[in-house]
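Trainee: Structure file work_10.tsv (TSV, C-alpha atoms) right here:
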```tsv
chain	number	residue	atom	x	y	z
A	1	MET	CA	0.00	0.00	0.00
A	2	THR	CA	1.38	3.40	-1.01
A	3	LYS	CA	1.53	5.99	1.75
A	4	VAL	CA	0.54	9.56	0.86
A	5	SER	CA	0.57	12.80	2.84
A	6	ILE	CA	-1.22	15.93	1.65
A	7	ILE	CA	-0.09	19.43	2.51
A	8	GLY	CA	-2.97	21.89	2.16
A	9	SER	CA	-6.66	22.25	2.95
A	10	GLY	CA	-8.12	24.04	-0.08
A	11	ASN	CA	-10.44	22.70	-2.77
A	12	VAL	CA	-7.87	20.49	-4.52
A	13	ALA	CA	-6.58	19.09	-1.23
A	14	ARG	CA	-10.08	18.29	0.01
A	15	HIS	CA	-11.05	16.45	-3.16
A	16	LEU	CA	-7.80	14.48	-3.08
A	17	ILE	CA	-8.43	13.58	0.54
A	18	GLN	CA	-11.83	12.16	-0.38
A	19	ALA	CA	-10.43	10.29	-3.39
A	20	PHE	CA	-7.66	8.66	-1.37
A	21	GLN	CA	-9.90	7.87	1.61
A	22	SER	CA	-12.13	5.69	-0.55
A	23	ASN	CA	-9.18	3.87	-2.14
A	24	SER	CA	-8.00	0.55	-0.73
A	25	LYS	CA	-4.58	0.81	-2.41
A	26	ILE	CA	-3.64	4.18	-0.89
A	27	GLU	CA	-3.01	4.99	2.76
A	28	LEU	CA	-3.58	8.65	3.52
A	29	VAL	CA	-1.27	8.86	6.51
A	30	GLU	CA	-1.65	12.55	7.32
A	31	VAL	CA	-2.74	15.99	6.14
A	32	PHE	CA	-1.01	19.26	6.99
A	33	ALA	CA	-3.33	22.24	7.52
A	34	ARG	CA	-2.59	25.51	9.26
A	35	ASN	CA	-6.19	25.53	10.48
A	36	LYS	CA	-6.86	21.97	11.66
A	37	LYS	CA	-10.56	22.70	12.22
A	38	SER	CA	-11.04	23.31	8.49
A	39	LEU	CA	-10.81	19.55	7.88
A	40	THR	CA	-12.70	18.15	10.86
A	41	HIS	CA	-15.65	17.23	8.61
A	42	LEU	CA	-13.34	15.00	6.54
A	43	LEU	CA	-10.72	13.66	8.93
A	44	ASP	CA	-10.16	12.67	12.52
A	45	SER	CA	-8.17	15.37	14.30
A	46	ASN	CA	-5.35	12.87	14.90
A	47	SER	CA	-4.84	12.66	11.12
A	48	VAL	CA	-4.23	16.42	10.77
A	49	THR	CA	-1.15	18.35	11.84
A	50	SER	CA	-0.21	22.01	11.71
A	51	ASP	CA	3.45	21.36	12.47
A	52	TYR	CA	5.82	20.38	9.64
A	53	THR	CA	8.13	18.64	12.10
A	54	GLN	CA	5.29	16.27	13.01
A	55	LEU	CA	4.74	15.01	9.46
A	56	GLN	CA	4.76	11.23	9.42
A	57	ALA	CA	6.75	9.14	6.97
A	58	ALA	CA	5.14	8.76	3.54
A	59	ASP	CA	6.07	7.60	0.06
A	60	VAL	CA	4.82	10.84	-1.50
A	61	TYR	CA	4.10	14.30	-0.10
A	62	ILE	CA	1.56	16.21	-2.21
A	63	ILE	CA	1.64	19.99	-1.86
A	64	ALA	CA	-1.87	21.17	-2.77
A	65	VAL	CA	-1.79	24.91	-2.07
A	66	SER	CA	-1.94	28.17	-4.00
A	67	ASP	CA	0.78	28.61	-6.62
A	68	ASP	CA	2.58	31.43	-4.82
A	69	ALA	CA	2.94	29.34	-1.64
A	70	ILE	CA	4.52	26.24	-3.22
A	71	ALA	CA	8.15	27.36	-3.10
A	72	GLU	CA	7.97	28.55	0.51
A	73	ILE	CA	6.27	25.40	1.77
A	74	SER	CA	8.67	23.20	-0.17
A	75	SER	CA	11.63	24.92	1.47
A	76	GLN	CA	10.14	24.49	4.96
A	77	LEU	CA	9.78	20.70	4.78
A	78	PRO	CA	12.15	19.25	7.43
A	79	PHE	CA	13.38	16.25	5.44
A	80	GLU	CA	15.47	15.38	2.40
A	81	ASN	CA	15.50	12.79	-0.41
A	82	GLN	CA	11.75	12.24	-0.27
A	83	LEU	CA	9.33	12.48	-3.20
A	84	VAL	CA	7.56	15.86	-3.02
A	85	VAL	CA	5.10	16.95	-5.70
A	86	HIS	CA	2.78	19.88	-6.30
A	87	THR	CA	-0.65	20.04	-7.97
A	88	SER	CA	-0.30	23.29	-9.95
A	89	GLY	CA	-1.03	23.69	-13.63
A	90	THR	CA	1.47	26.51	-14.14
A	91	VAL	CA	4.30	26.23	-11.59
A	92	PRO	CA	7.43	24.50	-13.00
A	93	LEU	CA	8.68	21.35	-11.34
A	94	THR	CA	11.95	23.15	-10.56
A	95	THR	CA	10.12	25.54	-8.21
A	96	LEU	CA	10.18	22.77	-5.63
A	97	GLU	CA	13.18	22.64	-3.28
A	98	SER	CA	15.93	20.47	-4.79
A	99	LYS	CA	16.77	18.80	-1.46
A	100	ASN	CA	13.92	16.38	-2.23
A	101	HIS	CA	12.90	14.39	-5.30
A	102	ARG	CA	10.59	16.65	-7.29
A	103	GLY	CA	7.44	15.94	-9.23
A	104	VAL	CA	4.02	17.14	-10.34
A	105	PHE	CA	0.62	15.55	-9.69
A	106	TYR	CA	-1.79	17.86	-11.56
A	107	PRO	CA	-5.50	16.92	-11.71
A	108	LEU	CA	-6.94	18.92	-14.60
A	109	GLN	CA	-10.41	19.80	-13.38
A	110	THR	CA	-12.35	22.65	-11.83
A	111	PHE	CA	-12.88	22.01	-8.12
A	112	SER	CA	-15.51	23.69	-5.98
A	113	LYS	CA	-15.82	23.21	-2.24
A	114	ASP	CA	-19.25	21.54	-2.10
A	115	LYS	CA	-19.44	20.01	-5.59
A	116	ALA	CA	-18.61	16.30	-5.76
A	117	VAL	CA	-16.48	15.04	-8.67
A	118	ASN	CA	-15.82	11.62	-10.18
A	119	PHE	CA	-12.04	11.31	-10.03
A	120	LYS	CA	-12.10	8.32	-12.39
A	121	THR	CA	-12.82	10.72	-15.27
A	122	ILE	CA	-10.35	13.43	-14.26
A	123	PRO	CA	-7.09	13.61	-16.26
A	124	ILE	CA	-4.05	13.58	-13.98
A	125	CYS	CA	-0.87	14.99	-15.50
A	126	LEU	CA	2.39	13.69	-14.08
A	127	GLU	CA	5.99	14.84	-14.19
A	128	ALA	CA	9.07	13.62	-12.31
A	129	GLU	CA	12.84	13.87	-12.50
A	130	ASN	CA	13.44	10.14	-12.83
A	131	GLU	CA	11.64	7.03	-14.02
A	132	LYS	CA	11.29	5.46	-10.57
A	133	ASP	CA	9.47	8.49	-9.17
A	134	LEU	CA	7.31	8.70	-12.28
A	135	GLN	CA	6.30	5.08	-11.80
A	136	THR	CA	5.35	5.80	-8.18
A	137	LEU	CA	3.20	8.75	-9.22
A	138	ASN	CA	1.63	6.74	-12.03
A	139	GLN	CA	0.75	3.97	-9.58
A	140	ILE	CA	-0.98	6.45	-7.27
A	141	ALA	CA	-2.77	8.32	-10.06
A	142	SER	CA	-4.00	5.12	-11.71
A	143	THR	CA	-5.76	4.04	-8.52
A	144	ILE	CA	-8.05	7.09	-8.61
A	145	SER	CA	-8.20	8.00	-12.33
A	146	ASP	CA	-8.59	6.22	-15.67
A	147	ALA	CA	-6.91	9.12	-17.48
A	148	VAL	CA	-3.23	9.51	-16.55
A	149	TYR	CA	-0.75	11.41	-18.73
A	150	GLN	CA	2.97	12.14	-18.63
A	151	ILE	CA	3.20	15.88	-19.31
A	152	ASN	CA	6.27	18.12	-19.01
A	153	SER	CA	6.23	21.61	-17.48
A	154	GLU	CA	5.85	23.49	-20.79
A	155	GLN	CA	3.04	21.21	-21.96
A	156	ARG	CA	1.32	21.60	-18.60
A	157	LYS	CA	1.52	25.38	-18.89
A	158	ALA	CA	-0.11	25.18	-22.33
A	159	LEU	CA	-2.83	22.90	-20.96
A	160	HIS	CA	-3.54	25.31	-18.12
A	161	VAL	CA	-3.89	28.27	-20.49
A	162	ALA	CA	-6.21	26.19	-22.69
A	163	ALA	CA	-8.19	25.22	-19.59
A	164	VAL	CA	-8.69	28.89	-18.70
A	165	PHE	CA	-10.20	29.46	-22.15
A	166	VAL	CA	-12.55	26.44	-22.09
A	167	ASN	CA	-13.52	26.67	-18.42
A	168	ASN	CA	-12.97	30.02	-16.68
A	169	PHE	CA	-13.70	32.23	-19.68
A	170	VAL	CA	-16.67	30.14	-20.79
A	171	ASN	CA	-18.13	30.22	-17.26
A	172	HIS	CA	-17.74	34.01	-17.25
A	173	LEU	CA	-19.70	34.11	-20.50
A	174	TYR	CA	-22.39	32.03	-18.78
A	175	GLN	CA	-22.55	34.72	-16.11
A	176	MET	CA	-22.93	37.42	-18.75
A	177	GLY	CA	-25.70	35.46	-20.45
A	178	SER	CA	-27.40	34.99	-17.09
A	179	GLU	CA	-27.28	38.74	-16.41
A	180	ILE	CA	-28.77	39.50	-19.84
A	181	CYS	CA	-31.61	37.10	-19.03
A	182	ASP	CA	-32.14	38.60	-15.56
A	183	ASN	CA	-32.23	42.13	-16.94
A	184	ASN	CA	-34.93	41.13	-19.40
A	185	ASN	CA	-37.02	38.92	-17.11
A	186	VAL	CA	-36.13	35.70	-18.92
A	187	PRO	CA	-35.25	32.56	-16.88
A	188	PHE	CA	-31.65	31.45	-17.42
A	189	ASP	CA	-32.91	27.85	-17.21
A	190	VAL	CA	-34.17	28.23	-20.78
A	191	LEU	CA	-30.52	28.27	-21.94
A	192	LYS	CA	-29.33	25.22	-19.97
A	193	PRO	CA	-30.28	22.59	-22.61
A	194	LEU	CA	-28.36	24.64	-25.19
A	195	ILE	CA	-25.34	24.83	-22.88
A	196	GLN	CA	-25.46	21.06	-22.32
A	197	GLU	CA	-25.78	20.25	-26.02
A	198	THR	CA	-22.89	22.58	-26.87
A	199	ALA	CA	-20.67	20.73	-24.39
A	200	ASN	CA	-21.89	17.32	-25.60
A	201	LYS	CA	-21.14	18.05	-29.25
A	202	ILE	CA	-17.38	18.26	-28.83
A	203	VAL	CA	-17.33	14.63	-27.70
A	204	SER	CA	-17.92	13.65	-31.33
A	205	LEU	CA	-16.98	16.85	-33.19
A	206	SER	CA	-13.98	19.16	-33.06
A	207	PRO	CA	-14.77	22.63	-31.65
A	208	LYS	CA	-14.23	24.06	-35.13
A	209	GLU	CA	-16.73	21.64	-36.65
A	210	ALA	CA	-19.25	22.32	-33.87
A	211	GLN	CA	-19.19	26.11	-34.32
A	212	THR	CA	-22.54	27.64	-35.30
A	213	GLY	CA	-24.18	31.05	-34.98
A	214	PRO	CA	-24.42	34.37	-36.80
A	215	ALA	CA	-20.65	34.99	-36.87
A	216	LYS	CA	-20.02	31.57	-38.41
A	217	ARG	CA	-22.75	32.25	-41.04
A	218	ASN	CA	-21.53	35.82	-41.51
A	219	ASP	CA	-25.11	36.96	-40.80
A	220	LEU	CA	-24.35	40.67	-40.67
A	221	THR	CA	-27.99	41.70	-40.14
A	222	THR	CA	-28.29	39.64	-36.95
A	223	ILE	CA	-24.86	40.72	-35.72
A	224	GLU	CA	-25.76	44.39	-36.13
A	225	ALA	CA	-29.09	43.87	-34.34
A	226	HIS	CA	-27.29	42.21	-31.43
A	227	GLN	CA	-24.75	45.04	-31.21
A	228	GLN	CA	-27.54	47.62	-31.12
A	229	PHE	CA	-29.28	45.65	-28.36
A	230	LEU	CA	-26.16	45.52	-26.20
A	231	THR	CA	-26.06	48.95	-24.59
A	232	ASP	CA	-23.54	47.81	-21.96
A	233	GLU	CA	-20.10	48.77	-23.31
A	234	ASN	CA	-18.31	45.79	-21.79
A	235	LEU	CA	-20.78	43.28	-23.24
A	236	SER	CA	-20.74	45.02	-26.61
A	237	THR	CA	-16.92	44.98	-26.76
A	238	ILE	CA	-16.70	41.28	-25.87
A	239	TYR	CA	-19.46	40.41	-28.37
A	240	THR	CA	-17.62	42.27	-31.14
A	241	LEU	CA	-14.22	40.73	-30.31
A	242	LEU	CA	-15.58	37.18	-30.23
A	243	THR	CA	-17.59	37.74	-33.41
A	244	GLN	CA	-14.49	38.98	-35.23
A	245	SER	CA	-12.45	36.06	-33.91
A	246	ILE	CA	-15.00	33.54	-35.22
A	247	GLN	CA	-15.21	35.33	-38.57
A	248	ASN	CA	-11.40	35.37	-38.90
A	249	ASN	CA	-10.97	31.75	-37.84
A	250	GLY	CA	-9.21	29.83	-40.59
A	251	LYS	CA	-8.48	32.88	-42.70
A	252	LYS	CA	-4.93	33.29	-43.95
A	253	LEU	CA	-3.26	36.43	-42.64
```
Just give me the structure as structure tokens.

Mentor:
Amino acid sequence: MTKVSIIGSGNVARHLIQAFQSNSKIELVEVFARNKKSLTHLLDSNSVTSDYTQLQAADVYIIAVSDDAIAEISSQLPFENQLVVHTSGTVPLTTLESKNHRGVFYPLQTFSKDKAVNFKTIPICLEAENEKDLQTLNQIASTISDAVYQINSEQRKALHVAAVFVNNFVNHLYQMGSEICDNNNVPFDVLKPLIQETANKIVSLSPKEAQTGPAKRNDLTTIEAHQQFLTDENLSTIYTLLTQSIQNNGKKL
């Protein structure tokens, strides 16, 4: 049984805790959290420490904290020659303190505090400095996910940028659409089947093939009507930029 310790108590850490707890091949030996009470709903208090010097022996230490805290936490760990990994999509492997074996255990998914996820479907991107450590990480990842990839730091950075486009930006557009509905007394629920079908289509089609709408058709009459309707400058600017991007897609510069 592989022993794992988690350092952190945020969304990623909490979901990893739950994934490992329900796995018979992984022993979650301990979790580090500055505020031990933040994890009392998930763990017995004896399984949580707020003192780095009290960290128990483990095969892998997973740092699941904000990006700007990774380097500091890595440097504070009171041991050497252990496998220490982080869960960031953008931070290079080399940000970790070199006194330990370094790696990355990056689950590519959006995590919210009270929203359950199925880890079996979540891609986990791995990186390590040697084959032995990579095998250890692959063994752990494969017990909770059916989608495990070996991805280097530059590829991971590209994936994270792409993820911002397809997740964070798209969700912000959902918010804008919701506000347009609210301002015109239309229930946002009317749009949810459209949102679901749009997401479902890219399972069988490429995003380029799935693109529809007035910009794709070059329906200038509809585009102009939409622009006149959008009196909010921010919404109008974003509508125009995205329309132009769709119209220019595939054109030779």

Trainee: May I ask which of the residues A:Ser74, A:Ser245, A:Thr143, A:Ser50 is the closest one to A:Ser22, counting only C-alpha atoms?

Mentor: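 Residue with the minimum atom-to-atom distance to A:Ser22: A:Thr143.
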
Trainee: Contacts of A:Leu191 at 10 Å or less, counting only C-alpha atoms, minus same-chain residues fewer than 6 places along, as a VMD selection string?

Mentor: chain A and resid 174 177 to 178 181

Trainee: At what distance in Å, to one decimal, does atom CA of A:Lys192 lie from atom CA of A:Asn171?

Mentor: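 These two atoms are separated by 12.6 Å.
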
Trainee: Report as an NGL selection string all protein, DNA and RNA residues lying within 12 Å of A:Lys208, evaluated on only C-alpha atoms, omitting residues in the same chain fewer than 5 positions from it.

Mentor: :A and (201-202 or 216 or 246-247 or 249-250)

Trainee: What is the distance between atom CA of A:Gln21 and atom CA of A:Pro107, in Å to one decimal?

Mentor: 16.7 Å

Trainee: When you draw a straight line from atom CA of A:Ala69 to atom CA of A:Phe111, how long is it in Å?

Mentor: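 Separation of atom CA of A:Ala69 and atom CA of A:Phe111: 18.6 Å.
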
Trainee: Of the residues A:Asn234, A:Ser47, A:Asn11, A:Asn183, which is the one nearest to A:Thr87, using all atoms listed in the file?

Mentor: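 Checking each of A:Asn234, A:Ser47, A:Asn11, A:Asn183 against A:Thr87, counting all atoms listed in the file, the winner is A:Asn11.
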